[in-house]
Structure formats: structure tokens, C-alpha cells
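What follows is a short report on a single structure.
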Amino acid sequence: MIPRPRLHRSIRRAVGRRAAGRFAAAHALFAAVLAGAVAIRVIAARGYPAPLWSGDSHGYLDAALQFRPHIGRPSAYSIFLRALEPFQSFSVVLLVQAALGVAAGIMVYALVWRAARRAWPRRLWVPGLLAAPAAVPVLYDGNLIQAEHMMLADSLFVFLLVAAVTVVLWRDEASWWAGAAAGLLVASAALTRLAGLPFIALIVLALLLRWSGWRRTLAAVAAAVVTFTVPFAAYMNWYQGHWDAFAITKADSVWLYGRTAAFADCAKLDPPPELVVMCPKPPSDPRIAPAFRVLWTDDSPFNSIPGGIYGDEGNERAGRFADLAIQKQFGDYVGVVVRDTLRAFGTGRDPYPTPWTAANLSFPVGEVWADEQLLLAEKYGPDGRVSVVDPYATWIRDYQDRWFLPGPVLGGLLAVGLVGILIRLRPRCRFGGAPLLPWALGAALLVIPAATADFDYRYVPPAIPFAALAAALAIVPGRREGRPAPVPAEPAETEESAGEAAELLEPAVIAEAKEPSSST
């Protein structure tokens, strides 16, 4: 006879091989999707070995090198660059940002696969067929890949928000650790881009809807609020040490003022004398959007205000003018917000807000470099000069031109997610279910810039992961929709695999039983 420990080891090995095979079969489709996504990013890195610059890149890198908060925008991305500075390589920055983009796609896949596995526990192949296509827009969108190649905060911002959603939705019940992790991630996202600031409210709402009793739920909410608040307090204290203001930025009202430039009519507003200077002037160049014109061109009123666009007086006047314009022309304000939000769903791209800012959202044909950039980049690493290497650069430019999520498709994903939410608007489905959080985040990412600053096509791709996730989760039946609880997959698979392993081992057991025993 085969000794019992040896028999058990054989069964365990057979079960392990069986489980590995089932795992490979379940995720084979996504493995192919993932390999293709990595290959595209390798081509991008070969074609453009250094990060691409835009108007904000200089400020981010300068703040990282001096390790101080930027005066006009939150600086978590500068902290991110500072953390990578010991490598003295811009290639490492590109590698990490590409890894963040891939990780976001993996998290979208994992959430959809896990939800589908619970809904269809007996069909191992179904979750992958739904989850892999859900991750394709995140992993293959040419504009998201180009954003990973920019020295901008977008890839870090998207990763942090997707991670926060993953933590909240991973389990059906609220827990203090999920709340704590989600609060910290959202705080980090908000300190990367201020557009993430309102999302803590969505996280708290999602935790409350995953009600798990008073103690667990309130502990999760409290943990989220604490871990969200503490980083902000620390950052504002750091900011005060450099700029003598307990704040995140000295330009919090400036961006909203720029939004009002699209509709403000001083003949209707009748502003006080000190605010007349803030009245938008007739455009000197019709290609430039009103917000960009009043903030960054020679027509800007901040050119005549002490301290300029980041001064206390300019910020105060901008806030007062914005409040006045929105109060007296609220209908015009809403109309502008709706108009610019709908731009995200258009079939093409206009050169908005300016032709040159729109050009920054594509891989360039030739090298674009300035002496000021070179001097700053050399302080961070020797490989920062923008270069274009063919044929890889041509390949990735052609790829971006052809493979991106069109605006109408983005709108369709959000529509599918919304339908799934409306179907689940009842207590037993937790008032919207799993699609609610990613859908709300995706929609907010499109509305917030149009409501608080101005539309920019740069702000559209970050909504893609959440729209794709919401649409996929809307298709998956929820756990609390009158369906019986699924049979736990792992024990069932273990018993089945063990039975099969025993059948496989049975001939060997019989054969060895016929052999003479060598024991005494």
C-alpha cells in the first residue's frame, strides 16, 4: 500500500496542477490582452524615450527638484517625481507611469471578473469573457497611453482613483480597513488634481450603501474621513511653511473666474469699480478659448494686478467676480457647463482650448525642446531631452490616431452603467449596486472641469476606466437581486479536483498494492 502521507501529497500535487490549469484557462483571454497592452507601451517607450512636456510640466518638475509645494496647484505629482529622483532617469518615470496605467486595467479586470464569478459560479469561462473586454479601453486607448508618456499628473491620478474604487468594491461588506485605504487613496488623488476633492463624498456614500451593521459601517466611514483629512492637514501645513497660507493653493478662485469668462457680461453684472478690471475683453485671437485668454495671455487682467495670477489680491478679485457672474447669470453658467460637458461625447476633437494645447495631447512628429526645459531636466536626469525615434515613433503615432475610445462610445458606456443603476434603485440592491460608484466618478470627472475651470480634451480619458467598469458591472447580476447566494467556488472546486485526482491515482494505488511489501 502507498503510505497515507505519500498518498495525500500526490493528491495535493494533482489538485494543485488541476487548480493551476483552471486558473490559466480562466484568465487566458486576459493574459493575451495584457501582453498586447504591454507591447504597445514598449513601442511607445522605444519611439519616445523621454517624457513629453506640456505647459504644466515645468512647474511639476521644478517643485519636485526644490521639494516645495507649487504655489498654484496641488503637488502630489511633484512628490511622486521626487520619490523617483534617486534613479536619476526619466526612463524610470515613464516605466512607472506605464505600470500605473497597466495596473489600472488589471484592477478593472479583477473587479469585473470577481463580480461575474460570484454571479455565475459554475461557469468558469464566463467571467473572463466579460472582464477582459471591460479592461480593453483602459489598456488600449491611445490617448491614455499618450497621457502615461506625459510629464503630467494624469496617470497617477487615474491609478489612485481606480485603486480607491477597487478597495471599496472588493467585498460586499464595509470594513474599517477598506474605508481607511479608500480615504487615503482619494486624498492622494485630490492632492494630485483638485478635481478629486469631492470624491470623498462618493466614497462615504458607497460605504454607507454597503451597510454592514452600525459598528462596521460607521467604523469604515470614520476611517475614510480620518485618512482623507490627515494628509490634507499635513499638506496644508507644508504649504504654509513655504507660502504663508494654510491652504492647498493660492489660486483656488482663479480657475472658476476663468470659467465665467465664457459667459460673463459686465453690462448685466454692473460690477463694483474694483472688479471692472476683471471684465473679459473682446478676443484678440478667436482660436483661444475665453478661459485661457483671461488667464494666460496678454489680455489677462492679472497682468495689471499686484502679485499676478498667484497673488492674494488677484485670487480675491477673481473669487468675487466669479460669485457675482454665477449669481446674476446662473442660466448662462449652466448652459456653458452643459455645452462643454457634451464636448466629451463628440465624434472628433476641436483645437480647444487652443491649437497648441490640443497638439500637446498627441505624440509629436518632431522634437520639441527649449533651453529652459533642458536646463531644468538636466538637474533631474541626463536622459530628459525629448527625442523621436523611428520607426517606433511613427507606429505609435499611427496607433493613437486610430485606436482610441470615441466620444459616442464613452457616452454609450455611461448610458449602460446608468441603466444598470436605475434597475438597481431599490434597497435590496443597495440603491444602485456596484455600478453606482464608478459611474458617479466617471461622470463627475467630465462635469467638474467644465463646471470649475474649462473643458480640455486632456480631462476626458481619465473617465474611461470608470465608464468601462460601470458598464461591465451593470451587466453582471447583483448579489442582492433576489438570486440565491452562489455556491462558494473554491471549496467546490477543491472537492471536485480532489475526486478527479483520486481517480487518476487509483490505478497507481492498485498497482502498488499488488507489489510485495518491503516492510517487516
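Lettering and numbering for the C-alpha cells are positional, with chains as A, B, ... in the shown order, residues counted from 1 in each chain, and ligands counted from 1 in the shown order.
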
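Every protein, DNA or RNA residue with an atom at most 8 Å from region 175-181 of chain A, where only C-alpha atoms count and chain neighbours fewer than 5 positions away do not, is listed here: Ala164, Val167, Val168, Leu207, Arg216, Thr217, Ala219, Ala220, Val221, Ala222, Ala223, Ala224, Val225, Val226 and Thr227 of chain A.
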
Residue list (helix (DSSP H, G or I), DSSP) for region 147-328 of chain A, as a PyMOL selection string: chain A and resi 147-148+154-169+176-190+194-196+199-209+214-243+254-260+266-269+273-278+290-296+301-304+308-310+312-328

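The nearest approach to Asp285 (chain A) among the residues A:Ala32, A:Ser155, A:Asp299, A:Ile106, with only C-alpha atoms taken into account, belongs to A:Asp299.
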
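Between Arg458 (chain A) and the candidates A:Glu148, A:Trp439, A:Arg385, A:Trp170, the tightest atom-to-atom separation, counting only C-alpha atoms, involves A:Glu148.
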
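You will find CA of Ala37 (chain A) at 21.8 Å from CA of Tyr459 (chain A).
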
Contact residues around Phe246 (chain A) with only C-alpha atoms at 12 Å, ignoring same-chain residues under 5 positions, as JSON, numbers by chain: {"A": [71, 232, 233, 234, 235, 236, 237, 238, 239, 240, 241]}

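Using only C-alpha atoms, the smallest distance between any of A:Ala470, A:Leu209, A:Ala322, A:Ile309 and Ile421 (chain A) comes from A:Ala470.
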
Leaving out Leu374 (chain A) and any residue of its chain fewer than 3 positions from it, which residues lie within 12 Å of it when counting only C-alpha atoms, given as a PDB file with all heavy atoms, in the first residue's frame?
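For reference, around-v9.pdb as written:
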ATOM      1  N   ALA A  50      11.994  59.690 -23.783  1.00  0.00           N
ATOM      2  CA  ALA A  50      11.886  60.657 -22.685  1.00  0.00           C
ATOM      3  C   ALA A  50      10.441  61.141 -22.569  1.00  0.00           C
ATOM      4  O   ALA A  50       9.675  61.094 -23.536  1.00  0.00           O
ATOM      5  CB  ALA A  50      12.821  61.839 -22.916  1.00  0.00           C
ATOM      6  N   TRP A  53       6.564  67.011 -22.710  1.00  0.00           N
ATOM      7  CA  TRP A  53       6.291  68.158 -21.852  1.00  0.00           C
ATOM      8  C   TRP A  53       5.048  68.895 -22.310  1.00  0.00           C
ATOM      9  O   TRP A  53       4.705  68.911 -23.502  1.00  0.00           O
ATOM     10  CB  TRP A  53       7.477  69.131 -21.873  1.00  0.00           C
ATOM     11  CG  TRP A  53       8.694  68.628 -21.139  1.00  0.00           C
ATOM     12  CD1 TRP A  53       9.346  67.450 -21.354  1.00  0.00           C
ATOM     13  CD2 TRP A  53       9.405  69.300 -20.097  1.00  0.00           C
ATOM     14  NE1 TRP A  53      10.425  67.339 -20.513  1.00  0.00           N
ATOM     15  CE2 TRP A  53      10.486  68.462 -19.734  1.00  0.00           C
ATOM     16  CE3 TRP A  53       9.250  70.516 -19.457  1.00  0.00           C
ATOM     17  CZ2 TRP A  53      11.395  68.816 -18.738  1.00  0.00           C
ATOM     18  CZ3 TRP A  53      10.168  70.869 -18.473  1.00  0.00           C
ATOM     19  CH2 TRP A  53      11.218  70.022 -18.118  1.00  0.00           C
ATOM     20  N   HIS A  58       6.821  71.976 -16.462  1.00  0.00           N
ATOM     21  CA  HIS A  58       7.924  72.738 -15.851  1.00  0.00           C
ATOM     22  C   HIS A  58       7.647  72.977 -14.374  1.00  0.00           C
ATOM     23  O   HIS A  58       8.538  72.792 -13.525  1.00  0.00           O
ATOM     24  CB  HIS A  58       8.102  74.066 -16.586  1.00  0.00           C
ATOM     25  CG  HIS A  58       9.293  74.851 -16.134  1.00  0.00           C
ATOM     26  ND1 HIS A  58       9.312  75.588 -14.954  1.00  0.00           N
ATOM     27  CD2 HIS A  58      10.524  75.017 -16.694  1.00  0.00           C
ATOM     28  CE1 HIS A  58      10.478  76.156 -14.806  1.00  0.00           C
ATOM     29  NE2 HIS A  58      11.239  75.838 -15.847  1.00  0.00           N
ATOM     30  N   LEU A  61       8.048  69.673 -12.297  1.00  0.00           N
ATOM     31  CA  LEU A  61       9.428  69.232 -12.113  1.00  0.00           C
ATOM     32  C   LEU A  61      10.201  70.197 -11.222  1.00  0.00           C
ATOM     33  O   LEU A  61      11.005  69.763 -10.370  1.00  0.00           O
ATOM     34  CB  LEU A  61      10.112  69.098 -13.475  1.00  0.00           C
ATOM     35  CG  LEU A  61      11.523  68.514 -13.455  1.00  0.00           C
ATOM     36  CD1 LEU A  61      11.533  67.134 -12.805  1.00  0.00           C
ATOM     37  CD2 LEU A  61      12.090  68.437 -14.870  1.00  0.00           C
ATOM     38  N   VAL A 368      10.458  68.662 -29.841  1.00  0.00           N
ATOM     39  CA  VAL A 368      10.044  69.983 -29.363  1.00  0.00           C
ATOM     40  C   VAL A 368      10.786  70.225 -28.060  1.00  0.00           C
ATOM     41  O   VAL A 368      10.560  69.542 -27.067  1.00  0.00           O
ATOM     42  CB  VAL A 368       8.516  70.044 -29.151  1.00  0.00           C
ATOM     43  CG1 VAL A 368       8.113  71.431 -28.684  1.00  0.00           C
ATOM     44  CG2 VAL A 368       7.776  69.681 -30.439  1.00  0.00           C
ATOM     45  N   TRP A 369      11.672  71.218 -28.081  1.00  0.00           N
ATOM     46  CA  TRP A 369      12.552  71.406 -26.922  1.00  0.00           C
ATOM     47  C   TRP A 369      12.890  72.875 -26.763  1.00  0.00           C
ATOM     48  O   TRP A 369      12.888  73.649 -27.706  1.00  0.00           O
ATOM     49  CB  TRP A 369      13.837  70.591 -27.106  1.00  0.00           C
ATOM     50  CG  TRP A 369      14.595  70.359 -25.825  1.00  0.00           C
ATOM     51  CD1 TRP A 369      15.800  70.882 -25.489  1.00  0.00           C
ATOM     52  CD2 TRP A 369      14.184  69.552 -24.729  1.00  0.00           C
ATOM     53  NE1 TRP A 369      16.173  70.452 -24.246  1.00  0.00           N
ATOM     54  CE2 TRP A 369      15.206  69.629 -23.757  1.00  0.00           C
ATOM     55  CE3 TRP A 369      13.067  68.786 -24.459  1.00  0.00           C
ATOM     56  CZ2 TRP A 369      15.131  68.970 -22.537  1.00  0.00           C
ATOM     57  CZ3 TRP A 369      12.994  68.116 -23.252  1.00  0.00           C
ATOM     58  CH2 TRP A 369      14.021  68.206 -22.312  1.00  0.00           C
ATOM     59  N   ALA A 370      13.140  73.285 -25.529  1.00  0.00           N
ATOM     60  CA  ALA A 370      13.537  74.658 -25.231  1.00  0.00           C
ATOM     61  C   ALA A 370      14.713  74.623 -24.263  1.00  0.00           C
ATOM     62  O   ALA A 370      14.859  73.677 -23.480  1.00  0.00           O
ATOM     63  CB  ALA A 370      12.373  75.445 -24.624  1.00  0.00           C
ATOM     64  N   ASP A 371      15.543  75.657 -24.312  1.00  0.00           N
ATOM     65  CA  ASP A 371      16.712  75.695 -23.438  1.00  0.00           C
ATOM     66  C   ASP A 371      16.315  75.658 -21.975  1.00  0.00           C
ATOM     67  O   ASP A 371      16.988  75.033 -21.142  1.00  0.00           O
ATOM     68  CB  ASP A 371      17.531  76.955 -23.729  1.00  0.00           C
ATOM     69  CG  ASP A 371      18.179  76.906 -25.105  1.00  0.00           C
ATOM     70  OD1 ASP A 371      18.314  75.799 -25.652  1.00  0.00           O
ATOM     71  OD2 ASP A 371      18.537  77.992 -25.621  1.00  0.00           O
ATOM     72  N   ALA A 377      15.688  69.915 -16.826  1.00  0.00           N
ATOM     73  CA  ALA A 377      15.700  68.453 -16.925  1.00  0.00           C
ATOM     74  C   ALA A 377      17.053  67.880 -16.525  1.00  0.00           C
ATOM     75  O   ALA A 377      17.124  66.804 -15.914  1.00  0.00           O
ATOM     76  CB  ALA A 377      15.337  68.020 -18.339  1.00  0.00           C
ATOM     77  N   GLU A 378      18.149  68.581 -16.865  1.00  0.00           N
ATOM     78  CA  GLU A 378      19.486  68.079 -16.523  1.00  0.00           C
ATOM     79  C   GLU A 378      19.691  67.969 -15.024  1.00  0.00           C
ATOM     80  O   GLU A 378      20.526  67.182 -14.562  1.00  0.00           O
ATOM     81  CB  GLU A 378      20.546  68.975 -17.146  1.00  0.00           C
ATOM     82  CG  GLU A 378      20.675  68.810 -18.653  1.00  0.00           C
ATOM     83  CD  GLU A 378      21.697  69.745 -19.252  1.00  0.00           C
ATOM     84  OE1 GLU A 378      22.061  70.742 -18.548  1.00  0.00           O
ATOM     85  OE2 GLU A 378      22.141  69.513 -20.392  1.00  0.00           O
ATOM     86  N   LYS A 379      18.953  68.738 -14.252  1.00  0.00           N
ATOM     87  CA  LYS A 379      19.061  68.642 -12.796  1.00  0.00           C
ATOM     88  C   LYS A 379      18.421  67.366 -12.256  1.00  0.00           C
ATOM     89  O   LYS A 379      18.718  66.941 -11.146  1.00  0.00           O
ATOM     90  CB  LYS A 379      18.394  69.858 -12.140  1.00  0.00           C
ATOM     91  CG  LYS A 379      19.033  71.190 -12.502  1.00  0.00           C
ATOM     92  CD  LYS A 379      18.280  72.342 -11.855  1.00  0.00           C
ATOM     93  CE  LYS A 379      18.862  73.689 -12.250  1.00  0.00           C
ATOM     94  NZ  LYS A 379      18.090  74.823 -11.651  1.00  0.00           N
ATOM     95  N   TYR A 380      17.531  66.772 -13.046  1.00  0.00           N
ATOM     96  CA  TYR A 380      16.799  65.567 -12.596  1.00  0.00           C
ATOM     97  C   TYR A 380      17.438  64.294 -13.147  1.00  0.00           C
ATOM     98  O   TYR A 380      17.549  63.284 -12.440  1.00  0.00           O
ATOM     99  CB  TYR A 380      15.350  65.661 -13.065  1.00  0.00           C
ATOM    100  CG  TYR A 380      14.446  64.606 -12.464  1.00  0.00           C
ATOM    101  CD1 TYR A 380      13.828  64.804 -11.241  1.00  0.00           C
ATOM    102  CD2 TYR A 380      14.201  63.415 -13.137  1.00  0.00           C
ATOM    103  CE1 TYR A 380      12.998  63.839 -10.700  1.00  0.00           C
ATOM    104  CE2 TYR A 380      13.380  62.439 -12.611  1.00  0.00           C
ATOM    105  CZ  TYR A 380      12.768  62.661 -11.383  1.00  0.00           C
ATOM    106  OH  TYR A 380      11.951  61.695 -10.847  1.00  0.00           O
ATOM    107  N   GLY A 381      17.851  64.331 -14.412  1.00  0.00           N
ATOM    108  CA  GLY A 381      18.446  63.144 -15.023  1.00  0.00           C
ATOM    109  C   GLY A 381      19.035  63.492 -16.369  1.00  0.00           C
ATOM    110  O   GLY A 381      18.630  64.463 -17.008  1.00  0.00           O
ATOM    111  N   PRO A 382      19.990  62.689 -16.839  1.00  0.00           N
ATOM    112  CA  PRO A 382      20.672  63.013 -18.103  1.00  0.00           C
ATOM    113  C   PRO A 382      19.888  62.627 -19.353  1.00  0.00           C
ATOM    114  O   PRO A 382      20.308  62.961 -20.466  1.00  0.00           O
ATOM    115  CB  PRO A 382      21.964  62.189 -18.005  1.00  0.00           C
ATOM    116  CG  PRO A 382      21.578  61.004 -17.158  1.00  0.00           C
ATOM    117  CD  PRO A 382      20.567  61.504 -16.174  1.00  0.00           C
ATOM    118  N   ASP A 383      18.781  61.909 -19.203  1.00  0.00           N
ATOM    119  CA  ASP A 383      18.062  61.377 -20.364  1.00  0.00           C
ATOM    120  C   ASP A 383      16.715  62.066 -20.567  1.00  0.00           C
ATOM    121  O   ASP A 383      15.762  61.449 -21.041  1.00  0.00           O
ATOM    122  CB  ASP A 383      17.845  59.867 -20.207  1.00  0.00           C
ATOM    123  CG  ASP A 383      17.096  59.528 -18.918  1.00  0.00           C
ATOM    124  OD1 ASP A 383      16.982  60.410 -18.036  1.00  0.00           O
ATOM    125  OD2 ASP A 383      16.619  58.396 -18.788  1.00  0.00           O
ATOM    126  N   GLY A 384      16.624  63.349 -20.226  1.00  0.00           N
ATOM    127  CA  GLY A 384      15.344  64.035 -20.280  1.00  0.00           C
ATOM    128  C   GLY A 384      15.046  64.739 -21.588  1.00  0.00           C
ATOM    129  O   GLY A 384      13.930  65.215 -21.781  1.00  0.00           O
ATOM    130  N   ARG A 385      16.016  64.791 -22.495  1.00  0.00           N
ATOM    131  CA  ARG A 385      15.778  65.505 -23.750  1.00  0.00           C
ATOM    132  C   ARG A 385      14.773  64.734 -24.611  1.00  0.00           C
ATOM    133  O   ARG A 385      14.946  63.540 -24.883  1.00  0.00           O
ATOM    134  CB  ARG A 385      17.079  65.698 -24.515  1.00  0.00           C
ATOM    135  CG  ARG A 385      16.913  66.533 -25.783  1.00  0.00           C
ATOM    136  CD  ARG A 385      18.230  66.652 -26.555  1.00  0.00           C
ATOM    137  NE  ARG A 385      18.068  67.503 -27.740  1.00  0.00           N
ATOM    138  CZ  ARG A 385      18.227  68.808 -27.743  1.00  0.00           C
ATOM    139  NH1 ARG A 385      18.583  69.432 -26.636  1.00  0.00           N
ATOM    140  NH2 ARG A 385      18.061  69.509 -28.850  1.00  0.00           N
ATOM    141  N   VAL A 386      13.734  65.430 -25.049  1.00  0.00           N
ATOM    142  CA  VAL A 386      12.710  64.802 -25.882  1.00  0.00           C
ATOM    143  C   VAL A 386      13.328  64.398 -27.215  1.00  0.00           C
ATOM    144  O   VAL A 386      13.973  65.206 -27.878  1.00  0.00           O
ATOM    145  CB  VAL A 386      11.524  65.758 -26.116  1.00  0.00           C
ATOM    146  CG1 VAL A 386      10.513  65.118 -27.065  1.00  0.00           C
ATOM    147  CG2 VAL A 386      10.862  66.106 -24.795  1.00  0.00           C
TER     148      VAL A 386
END

Which is closest to Val365 (chain A) among A:Thr166, A:Thr452, A:Asn303, A:Thr394, if we use only C-alpha atoms? A:Thr394

Just the residues within 8 Å of Ala76 (chain A), please, counting only C-alpha atoms, with nothing from its chain fewer than 4 positions along; format it as a PyMOL selection string. chain A and resi 80+188-189+191-192

Written selection (N, CA, C and O atoms) as a CSV table (one decimal), in the first residue's frame:
chain,number,residue,atom,x,y,z
A,80,PHE,N,5.7,62.6,-6.2
A,80,PHE,CA,5.9,61.3,-6.9
A,80,PHE,C,7.2,61.4,-7.7
A,80,PHE,O,8.0,60.5,-7.7
A,188,SER,N,-4.9,61.3,-1.7
A,188,SER,CA,-3.7,61.4,-2.6
A,188,SER,C,-4.1,61.9,-4.0
A,188,SER,O,-3.4,62.7,-4.6
A,189,ALA,N,-5.3,61.4,-4.5
A,189,ALA,CA,-5.7,61.8,-5.8
A,189,ALA,C,-6.1,63.3,-5.8
A,189,ALA,O,-5.8,64.0,-6.7
A,191,LEU,N,-4.9,65.6,-3.9
A,191,LEU,CA,-3.6,66.3,-3.8
A,191,LEU,C,-2.8,66.2,-5.1
A,191,LEU,O,-1.8,66.9,-5.2
A,192,THR,N,-3.3,65.4,-6.0
A,192,THR,CA,-2.6,65.3,-7.3
A,192,THR,C,-3.3,66.2,-8.3
A,192,THR,O,-2.7,66.9,-9.0

Excluding Leu197 (chain A) and residues on its chain fewer than 2 positions from it, collect all residues at most 12 Å away from it, counting only C-alpha atoms, and give them as a list in words. Pro74, Phe157, Leu161, Gly183, Leu184, Leu185, Val186, Ala187, Ser188, Ala189, Ala190, Leu191, Thr192, Arg193, Leu194, Ala195, Phe199, Ile200, Ala201, Leu202, Ile203, Phe228, Thr229, Phe232, Ile248, Leu441, Ala444, Leu445 and Ile448 of chain A
